[in-house]
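Visitor: This is the content of final.txt (compact mmCIF, C-alpha atoms):
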```txt
# COMPACT_ATOMS: atom_id res chain seq x y z
CA MET X 1 15.36 -91.04 100.76
CA SER X 2 14.45 -89.96 97.26
CA GLU X 3 13.42 -92.49 94.64
CA ALA X 4 15.66 -93.08 91.62
CA TYR X 5 14.48 -91.39 88.43
CA GLN X 6 12.46 -93.72 86.23
CA TRP X 7 13.16 -93.35 82.49
CA THR X 8 10.04 -93.38 80.34
CA GLU X 9 9.71 -95.56 77.24
CA GLU X 10 10.14 -92.50 75.04
CA GLU X 11 13.35 -91.45 76.84
CA LEU X 12 14.78 -94.95 76.57
CA LYS X 13 14.01 -94.98 72.85
CA LYS X 14 15.75 -91.60 72.39
CA ARG X 15 18.75 -92.79 74.39
CA ARG X 16 19.04 -95.90 72.20
CA ARG X 17 18.92 -93.79 69.02
CA ARG X 18 21.55 -91.43 70.43
CA SER X 19 23.79 -94.38 71.27
CA ILE X 20 23.45 -95.76 67.74
CA ALA X 21 24.24 -92.32 66.28
CA ILE X 22 27.35 -92.00 68.48
CA ALA X 23 28.48 -95.50 67.47
CA LEU X 24 28.05 -94.71 63.77
CA ILE X 25 29.94 -91.42 64.14
CA LEU X 26 32.81 -93.15 65.96
CA VAL X 27 33.07 -95.87 63.29
CA GLY X 28 32.92 -93.17 60.59
CA LEU X 29 35.73 -91.21 62.27
CA MET X 30 37.81 -94.37 62.63
CA VAL X 31 37.50 -95.10 58.89
CA LEU X 32 38.18 -91.44 58.03
CA PHE X 33 41.34 -91.27 60.15
CA PHE X 34 42.59 -94.54 58.67
CA VAL X 35 42.05 -93.36 55.08
CA VAL X 36 43.52 -89.90 55.82
CA THR X 37 46.59 -91.60 57.27
CA LEU X 38 47.01 -93.65 54.08
CA VAL X 39 46.60 -90.55 51.91
CA ARG X 40 48.98 -88.44 54.00
CA LEU X 41 51.64 -91.13 54.07
CA GLY X 42 51.13 -91.86 50.36
CA GLY X 43 54.29 -92.81 48.54
CA ASN X 44 56.46 -91.59 51.42
CA VAL X 45 56.43 -95.06 52.94
CA ALA X 46 57.84 -96.62 49.78
CA ASP X 47 60.32 -93.75 49.31
CA ARG X 48 61.83 -93.91 52.82
CA ALA X 49 65.51 -94.75 53.29
CA ILE X 50 65.97 -98.36 54.38
CA MET O 1 21.72 -54.95 88.42
CA SER O 2 19.44 -53.75 85.63
CA ASP O 3 15.89 -54.93 85.03
CA THR O 4 17.02 -56.58 81.80
CA SER O 5 19.66 -58.71 83.49
CA LEU O 6 17.16 -59.61 86.25
CA ASP O 7 14.62 -60.69 83.61
CA MET O 8 17.20 -62.69 81.74
CA SER O 9 18.58 -64.38 84.83
CA ALA O 10 15.00 -65.39 85.75
CA THR O 11 14.58 -66.85 82.25
CA ARG O 12 17.88 -68.71 82.65
CA THR O 13 16.70 -70.25 85.94
CA ALA O 14 13.40 -71.20 84.33
CA LEU O 15 15.25 -72.78 81.42
CA ALA O 16 17.39 -74.88 83.73
CA GLU O 17 14.23 -76.08 85.47
CA THR O 18 12.34 -76.75 82.23
CA ALA O 19 15.08 -78.97 80.83
CA VAL O 20 13.41 -82.30 81.56
CA SER O 21 16.28 -84.48 82.54
CA ALA O 22 19.88 -84.71 81.47
CA GLY O 23 20.02 -86.71 78.26
CA GLY O 24 16.42 -86.14 77.17
CA GLY O 25 17.12 -84.84 73.67
CA SER O 26 16.77 -86.78 70.43
CA VAL O 27 19.41 -87.09 67.71
CA GLY O 28 17.41 -84.52 65.72
CA ASP O 29 17.55 -82.07 68.64
CA TYR O 30 21.33 -82.28 68.75
CA PHE O 31 21.47 -81.82 64.99
CA ALA O 32 19.25 -78.73 65.32
CA LEU O 33 21.80 -77.29 67.78
CA LEU O 34 24.27 -77.17 64.89
CA LYS O 35 22.08 -74.66 62.99
CA PRO O 36 22.00 -76.83 59.83
CA ARG O 37 20.80 -74.04 57.52
CA VAL O 38 23.67 -71.77 58.50
CA MET O 39 26.00 -74.76 58.29
CA SER O 40 24.96 -75.48 54.69
CA LEU O 41 25.97 -71.95 53.62
CA VAL O 42 29.26 -72.32 55.50
CA ILE O 43 30.00 -75.65 53.76
CA PHE O 44 29.19 -74.11 50.40
CA THR O 45 31.34 -70.99 50.81
CA GLY O 46 34.15 -73.10 52.31
CA LEU O 47 34.00 -75.38 49.26
CA VAL O 48 34.20 -72.38 46.93
CA GLY O 49 37.28 -71.15 48.82
CA MET O 50 38.90 -74.54 48.29
CA VAL O 51 38.00 -74.73 44.60
CA ALA O 52 39.11 -71.16 43.88
CA ALA O 53 42.47 -71.63 45.60
CA PRO O 54 45.48 -72.40 43.39
CA GLY O 55 46.70 -75.95 43.75
CA ALA O 56 45.14 -79.37 44.09
CA MET O 57 43.98 -81.37 47.07
CA HIS O 58 43.30 -85.08 47.46
CA PRO O 59 39.50 -85.64 47.54
CA VAL O 60 39.69 -87.41 50.92
CA LEU O 61 41.58 -84.50 52.44
CA ALA O 62 39.19 -82.01 50.83
CA PHE O 63 36.25 -83.91 52.34
CA THR O 64 37.96 -83.96 55.75
CA ALA O 65 38.61 -80.23 55.60
CA LEU O 66 34.99 -79.49 54.67
CA LEU O 67 33.73 -81.79 57.40
CA CYS O 68 35.87 -79.96 59.98
CA ILE O 69 34.68 -76.56 58.73
CA ALA O 70 31.05 -77.75 58.91
CA VAL O 71 31.40 -79.26 62.39
CA GLY O 72 33.30 -76.20 63.64
CA ALA O 73 30.52 -73.92 62.34
CA GLY O 74 27.92 -76.20 63.92
CA ALA O 75 29.80 -76.11 67.23
CA ALA O 76 29.77 -72.30 67.15
CA GLY O 77 26.00 -72.48 66.54
CA ALA O 78 25.50 -74.81 69.52
CA LEU O 79 27.58 -72.56 71.80
CA ASN O 80 25.60 -69.55 70.57
CA MET O 81 22.33 -71.33 71.41
CA TRP O 82 23.68 -72.22 74.85
CA PHE O 83 24.57 -68.60 75.65
CA ASP O 84 21.50 -67.05 74.04
CA ALA O 85 18.93 -69.55 75.39
CA ASP O 86 17.34 -66.85 77.58
CA ILE O 87 16.60 -64.49 74.69
CA ASP O 88 15.82 -67.32 72.27
CA ALA O 89 12.98 -68.34 74.59
CA GLU O 90 11.44 -64.87 74.24
CA MET O 91 11.72 -64.53 70.47
CA GLN O 92 9.12 -65.97 68.09
CA ARG O 93 11.76 -66.97 65.51
CA THR O 94 13.87 -68.94 68.01
CA ALA O 95 11.43 -70.05 70.72
CA LYS O 96 11.16 -73.58 69.30
CA ARG O 97 14.90 -74.27 69.49
CA PRO O 98 15.94 -77.32 71.58
CA ILE O 99 17.09 -75.42 74.71
CA PRO O 100 14.14 -72.99 75.11
CA THR O 101 11.70 -75.87 74.69
CA GLY O 102 13.53 -77.90 77.34
CA ARG O 103 14.44 -80.78 75.04
CA ILE O 104 18.14 -80.23 75.71
CA ALA O 105 19.61 -78.86 78.95
CA PRO O 106 21.89 -75.80 78.61
CA GLY O 107 24.83 -77.72 80.07
CA GLU O 108 24.42 -80.48 77.50
CA ALA O 109 24.53 -77.94 74.67
CA LEU O 110 27.67 -76.37 76.18
CA GLY O 111 29.43 -79.72 76.45
CA PHE O 112 28.32 -80.76 72.97
CA GLY O 113 29.43 -77.47 71.38
CA ALA O 114 32.77 -77.31 73.22
CA THR O 115 33.63 -80.91 72.32
CA LEU O 116 32.85 -80.40 68.64
CA ALA O 117 34.70 -77.05 68.57
CA ILE O 118 37.91 -78.49 70.01
CA GLY O 119 37.60 -81.70 67.97
CA SER O 120 37.07 -79.93 64.64
CA VAL O 121 40.00 -77.55 65.15
CA VAL O 122 42.40 -80.30 66.25
CA VAL O 123 41.42 -82.66 63.41
CA LEU O 124 41.68 -79.86 60.80
CA GLY O 125 45.08 -78.83 62.15
CA LEU O 126 46.47 -82.36 62.30
CA THR O 127 45.10 -83.69 59.02
CA ILE O 128 45.24 -80.58 56.79
CA ASN O 129 47.35 -77.72 58.13
CA TRP O 130 47.50 -75.45 61.16
CA THR O 131 46.80 -72.24 59.23
CA ALA O 132 43.35 -73.60 58.40
CA GLY O 133 43.02 -74.98 61.96
CA ALA O 134 43.92 -71.61 63.48
CA LEU O 135 41.44 -69.79 61.21
CA LEU O 136 38.68 -72.21 62.24
CA ALA O 137 39.53 -71.66 65.91
CA LEU O 138 39.46 -67.90 65.30
CA THR O 139 36.06 -68.18 63.60
CA ILE O 140 34.50 -70.12 66.48
CA ALA O 141 36.07 -67.85 69.12
CA PHE O 142 35.02 -64.73 67.24
CA TYR O 143 31.42 -65.92 66.90
CA LEU O 144 31.16 -66.97 70.54
CA PHE O 145 33.20 -64.42 72.46
CA VAL O 146 33.16 -61.32 70.22
CA TYR O 147 29.72 -61.56 68.61
CA THR O 148 27.53 -63.63 70.96
CA MET O 149 28.93 -62.67 74.38
CA TRP O 150 30.27 -59.19 73.77
CA LEU O 151 28.66 -57.30 70.89
CA LYS O 152 25.20 -58.79 70.37
CA ARG O 153 23.58 -57.36 73.52
CA ARG O 154 25.63 -54.17 73.66
CA THR O 155 25.81 -52.37 70.33
CA PRO O 156 23.83 -51.92 67.11
CA GLN O 157 27.14 -52.58 65.34
CA ASN O 158 26.83 -56.20 66.53
CA ILE O 159 26.25 -57.77 63.15
CA VAL O 160 28.59 -55.41 61.29
CA ILE O 161 31.62 -56.56 63.30
CA GLY O 162 30.22 -59.97 64.23
CA GLY O 163 29.55 -60.66 60.57
CA ALA O 164 33.26 -61.40 60.22
CA ALA O 165 32.66 -64.81 61.82
CA GLY O 166 30.38 -65.83 58.95
CA ALA O 167 32.86 -64.50 56.40
CA PHE O 168 35.81 -66.70 57.42
CA PRO O 169 34.77 -70.08 55.86
CA PRO O 170 36.05 -69.36 52.29
CA MET O 171 39.34 -68.21 53.84
CA ILE O 172 39.56 -71.47 55.79
CA GLY O 173 38.83 -73.46 52.62
CA TRP O 174 41.50 -71.48 50.74
CA ALA O 175 44.02 -71.98 53.56
CA ALA O 176 43.29 -75.72 53.59
CA VAL O 177 44.62 -75.90 50.02
CA THR O 178 47.41 -73.32 50.08
CA GLY O 179 48.37 -73.22 53.75
CA SER O 180 48.25 -69.41 53.63
CA VAL O 181 46.03 -66.34 53.71
CA ASP O 182 46.19 -64.55 50.36
CA LEU O 183 44.66 -61.41 48.87
CA ALA O 184 42.10 -63.41 46.86
CA SER O 185 40.86 -65.22 49.98
CA ILE O 186 40.55 -61.87 51.77
CA VAL O 187 38.41 -60.67 48.84
CA LEU O 188 36.04 -63.63 49.32
CA PHE O 189 35.93 -62.75 53.03
CA LEU O 190 35.07 -59.13 52.17
CA VAL O 191 32.16 -60.14 49.93
CA ILE O 192 30.42 -61.99 52.79
CA PHE O 193 31.46 -59.37 55.35
CA MET O 194 29.84 -56.55 53.37
CA TRP O 195 26.79 -58.67 52.54
CA THR O 196 25.97 -59.45 56.19
CA PRO O 197 24.70 -56.04 57.43
CA PRO O 198 22.02 -55.43 54.75
CA HIS O 199 21.01 -59.11 55.00
CA PHE O 200 20.46 -59.05 58.78
CA TRP O 201 19.09 -55.53 58.96
CA ALA O 202 16.41 -56.51 56.42
CA LEU O 203 15.47 -59.40 58.73
CA SER O 204 15.52 -57.23 61.84
CA LEU O 205 13.22 -54.67 60.17
CA TYR O 206 10.32 -57.10 60.03
CA ARG O 207 11.33 -58.89 63.26
CA ILE O 208 11.74 -55.66 65.20
CA ARG O 209 9.18 -56.64 67.89
CA ASP O 210 11.22 -59.75 68.73
CA TYR O 211 14.40 -57.75 69.22
CA GLU O 212 12.59 -55.05 71.21
CA ARG O 213 11.10 -57.65 73.55
CA VAL O 214 14.50 -59.13 74.45
CA LYS O 215 16.23 -55.72 74.37
CA VAL O 216 18.85 -56.76 71.82
CA PRO O 217 20.11 -53.43 70.40
CA MET O 218 19.63 -54.22 66.73
CA LEU O 219 19.82 -51.11 64.55
CA PRO O 220 16.01 -50.71 64.04
CA VAL O 221 15.47 -50.91 67.82
CA VAL O 222 18.16 -48.37 68.68
CA ALA O 223 18.16 -45.99 65.70
CA GLY O 224 14.71 -46.66 64.29
CA PRO O 225 13.48 -48.30 61.07
CA ASP O 226 14.15 -45.23 58.89
CA GLU O 227 17.81 -45.01 59.86
CA THR O 228 18.07 -48.78 59.29
CA ARG O 229 16.62 -48.38 55.78
CA LYS O 230 19.22 -45.69 55.08
CA GLN O 231 22.04 -47.90 56.38
CA ILE O 232 20.78 -50.84 54.29
CA LEU O 233 20.95 -48.67 51.19
CA ILE O 234 24.44 -47.34 52.04
CA TYR O 235 25.80 -50.83 52.74
CA SER O 236 24.17 -52.17 49.55
CA LEU O 237 25.87 -49.42 47.55
CA LEU O 238 29.19 -50.45 49.10
CA LEU O 239 28.49 -54.16 48.69
CA VAL O 240 27.98 -54.20 44.92
CA PRO O 241 31.47 -52.79 44.06
CA VAL O 242 33.02 -55.18 46.59
CA THR O 243 31.38 -58.14 44.81
CA LEU O 244 33.30 -57.10 41.66
CA LEU O 245 36.68 -57.42 43.39
CA PRO O 246 37.01 -61.20 42.65
CA CYS O 247 37.45 -60.16 38.99
CA ALA O 248 40.39 -57.96 39.97
CA VAL O 249 42.22 -60.79 41.73
CA GLY O 250 41.63 -63.42 39.05
CA ILE O 251 38.98 -65.61 40.67
CA GLY O 252 36.01 -64.10 38.86
CA GLY O 253 35.72 -64.35 35.06
CA LEU O 254 33.31 -62.98 32.48
CA ALA O 255 30.30 -64.97 33.75
CA TYR O 256 30.98 -63.82 37.31
CA LEU O 257 31.33 -60.18 36.28
CA THR O 258 28.10 -60.23 34.27
CA SER O 259 26.17 -62.00 37.02
CA ALA O 260 27.56 -59.83 39.80
CA LEU O 261 26.47 -56.73 37.89
CA ALA O 262 23.01 -58.13 37.11
CA PHE O 263 22.32 -59.55 40.59
CA GLY O 264 23.88 -56.46 42.18
CA THR O 265 21.47 -54.25 40.24
CA VAL O 266 18.50 -56.30 41.51
CA PHE O 267 19.92 -56.07 45.06
CA LEU O 268 20.14 -52.28 44.76
CA VAL O 269 16.60 -52.05 43.38
CA LEU O 270 15.26 -54.10 46.31
CA ALA O 271 17.29 -52.06 48.80
CA SER O 272 15.90 -48.83 47.33
CA ARG O 273 12.37 -50.25 47.61
CA VAL O 274 13.04 -50.93 51.29
CA TYR O 275 14.26 -47.34 51.61
CA ASN O 276 11.24 -45.85 49.85
CA ASN O 277 8.44 -47.92 51.43
CA ARG O 278 8.06 -47.04 55.08
CA THR O 279 4.52 -48.00 56.01
CA ALA O 280 3.26 -51.44 56.98
CA PRO O 281 2.42 -53.91 55.58
CA LYS O 282 4.26 -52.99 52.37
CA ALA O 283 7.41 -51.99 54.26
CA ASP O 284 7.61 -55.42 55.89
CA ARG O 285 7.05 -57.13 52.56
CA MET O 286 9.88 -55.15 50.95
CA ALA O 287 12.25 -56.02 53.81
CA ARG O 288 11.27 -59.68 53.52
CA ASP O 289 11.87 -59.60 49.75
CA LEU O 290 15.35 -58.14 50.24
CA PHE O 291 16.17 -60.67 52.97
CA ARG O 292 15.15 -63.62 50.77
CA PHE O 293 16.90 -62.27 47.71
CA SER O 294 20.08 -61.61 49.69
CA ILE O 295 20.41 -65.35 50.40
CA LEU O 296 19.97 -66.20 46.73
CA TYR O 297 22.39 -63.40 45.80
CA LEU O 298 25.28 -64.68 47.92
CA PHE O 299 24.60 -68.26 46.89
CA ALA O 300 24.57 -67.30 43.19
CA LEU O 301 27.82 -65.31 43.36
CA PHE O 302 29.68 -68.16 45.01
CA ALA O 303 28.04 -70.76 42.74
CA ILE O 304 29.36 -68.91 39.68
CA ILE O 305 32.89 -68.88 41.11
CA LEU O 306 32.48 -72.61 41.72
CA VAL O 307 31.42 -73.21 38.12
CA GLU O 308 34.15 -70.98 36.70
CA GLN O 309 36.98 -72.30 38.84
CA GLY O 310 35.91 -75.88 39.44
CA LEU O 311 34.05 -76.91 36.31
CA GLY O 312 36.15 -75.21 33.66
CA GLY O 313 33.71 -72.40 32.97
CA TYR O 314 36.24 -69.60 33.36
CA VAL O 315 36.35 -67.12 30.49
CA ASP O 316 38.70 -64.14 30.74
CA ILE O 317 37.17 -60.71 30.98
CA PRO O 318 38.03 -58.88 27.69
CA TRP O 319 40.00 -56.08 29.36
CA ALA O 320 42.07 -58.66 31.25
CA MET O 321 43.22 -60.13 27.92
CA ILE O 322 44.54 -56.79 26.64
```
As a first step, turn the structure in this file into structure tokens.

Guide:
Amino acid sequence: MSEAYQWTEEELKKRRRRSIAIALILVGLMVLFFVVTLVRLGGNVADRAI
Amino acid sequence: MSDTSLDMSATRTALAETAVSAGGGSVGDYFALLKPRVMSLVIFTGLVGMVAAPGAMHPVLAFTALLCIAVGAGAAGALNMWFDADIDAEMQRTAKRPIPTGRIAPGEALGFGATLAIGSVVVLGLTINWTAGALLALTIAFYLFVYTMWLKRRTPQNIVIGGAAGAFPPMIGWAAVTGSVDLASIVLFLVIFMWTPPHFWALSLYRIRDYERVKVPMLPVVAGPDETRKQILIYSLLLVPVTLLPCAVGIGGLAYLTSALAFGTVFLVLASRVYNNRTAPKADRMARDLFRFSILYLFALFAIILVEQGLGGYVDIPWAMI
């Protein structure tokens, strides 16, 4: 039976930095999509027929 | 199977084995996959397309469009590095890229590039318009399938036709604002399209050993340095008049015309020096000078359009006022 791969300290550090980068990108995209939605809707929400 | 394909398939196997372990790359390695230097020129020319286009755009939407264009261009770069990893490993200029050095596995680059490509096109289409989205998709597909997979290893015309991929960004920027493809945006496309061959052939002249080693049929390898020098001069002579076309479609004013003539003259002088100097090391130095100047040249032309159209610096050309 083969042994499970052991991550080195350096690899773990890189993985952590990648995870942080992915988290920041996801939060950034979330904010961007929210703001774009506001801009695209603009005054159309107030102008809609009720 | 030819010797070349045997060699390359051996390099591919070696690359797969060298890639340390899945997920071994740093954030910087993934960023390098996006070809940041190429991406910066794409962002800049895309921005100029947006600024030159008639009409206004909300700053948030303009930022989103530019982000999508940048990410789409980066995705194309990552997919190019995935496919070309075997020859990149053999070339001095590209040997330190993340895949040849084993910092990122080829499959990771493929997944990364494909995800960004699809994501950028979908976001651009949904948030801006589908004309711009379709043009971005065309750009990525053209760069990957037409240039990288089809032309690059088969014909010395690779960068002439493949250069179209690098010429699309101002058209995408323009389409993001107007929702259409117009004559003026095609003119911006033509400027970059005609600029690409002399730019890359100058590079390939002093990197000829690299291309010979990996058997990529760049013009100097197939037709020889002298023929390449002749083609550089011919394309430069065609390029300079093309750079004047923005004045004919109303996106280049007096400052643009003057600069395009002045910079174009320098470009022609450097191209003629490349043509006239055929012995090393002077020949290499001349090719290097032209290559470096060509980057400045394109940047300057687009920067002047940006200043004229975006910062109120547009002054009519006298004959246009008659």

Visitor: Restrict the distance test to all atoms listed in the file, flag each residue of chain O within 8 Å of chain X, and return the flagged residues as number ranges by chain.

Guide: O: 23-27, 58, 60-61, 64, 127

Visitor: Would you list the contacts of range 93-103 of chain O as a list in words, taking every protein, DNA or RNA residue within 8 Å and counting all atoms listed in the file, but skipping same-chain residues closer than 3 positions in sequence?

Guide: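 Counting all atoms listed in the file, the residues come to Leu15, Thr18, Ala19, Val20, Gly24, Gly25, Ser26, Asp29, Tyr30, Ala32, Leu33, Met81, Trp82, Ala85, Asp86, Asp88, Ala89, Glu90, Pro106, Ala109 and Asp210 of chain O.
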
Visitor: Write out as a PDB file with C-alpha atoms, in the coordinates of the input which residues come within 9 Å of range 54-56 of chain O when counting all atoms listed in the file, dropping same-chain ones fewer than 5 positions away.

Guide:
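What follows is the written file around.pdb:
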```pdb
ATOM      1  CA  TRP O 174      41.500 -71.480  50.740  1.00  0.00           C
ATOM      2  CA  VAL O 177      44.620 -75.900  50.020  1.00  0.00           C
ATOM      3  CA  THR O 178      47.410 -73.320  50.080  1.00  0.00           C
TER       4      THR O 178
END
```

Visitor: Specify the axis-aligned box that encloses all atoms of range 113-130 of chain O listed in the file after padding of 5 Å on each side, stating its centre and edge lengths in Å to one decimal as JSON.

Guide:
```
{"center_x": 38.5, "center_y": -79.6, "center_z": 65.0, "size_x": 28.1, "size_y": 18.2, "size_z": 26.4}
```

Visitor: Within 6 Å of range 236-251 of chain O, counting only C-alpha atoms, which residues show up once you throw out same-chain ones fewer than 6 positions away? Write them as a short mmCIF file (atom, residue, chain, number, x, y, z; two decimals) with C-alpha atoms, keeping the file's coordinate frame, please.

Guide:
```
data_model
loop_
_atom_site.label_atom_id
_atom_site.label_comp_id
_atom_site.auth_asym_id
_atom_site.auth_seq_id
_atom_site.Cartn_x
_atom_site.Cartn_y
_atom_site.Cartn_z
CA ALA O 184 42.10 -63.41 46.86
CA VAL O 191 32.16 -60.14 49.93
CA MET O 194 29.84 -56.55 53.37
CA GLY O 264 23.88 -56.46 42.18
#
```

Visitor: Just the number, please: distance in Å from CA of Gln92 in chain O to CA of Val214 in chain O, one decimal.

Guide: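 Separation between CA of Gln92 in chain O and CA of Val214 in chain O: 10.8 Å.
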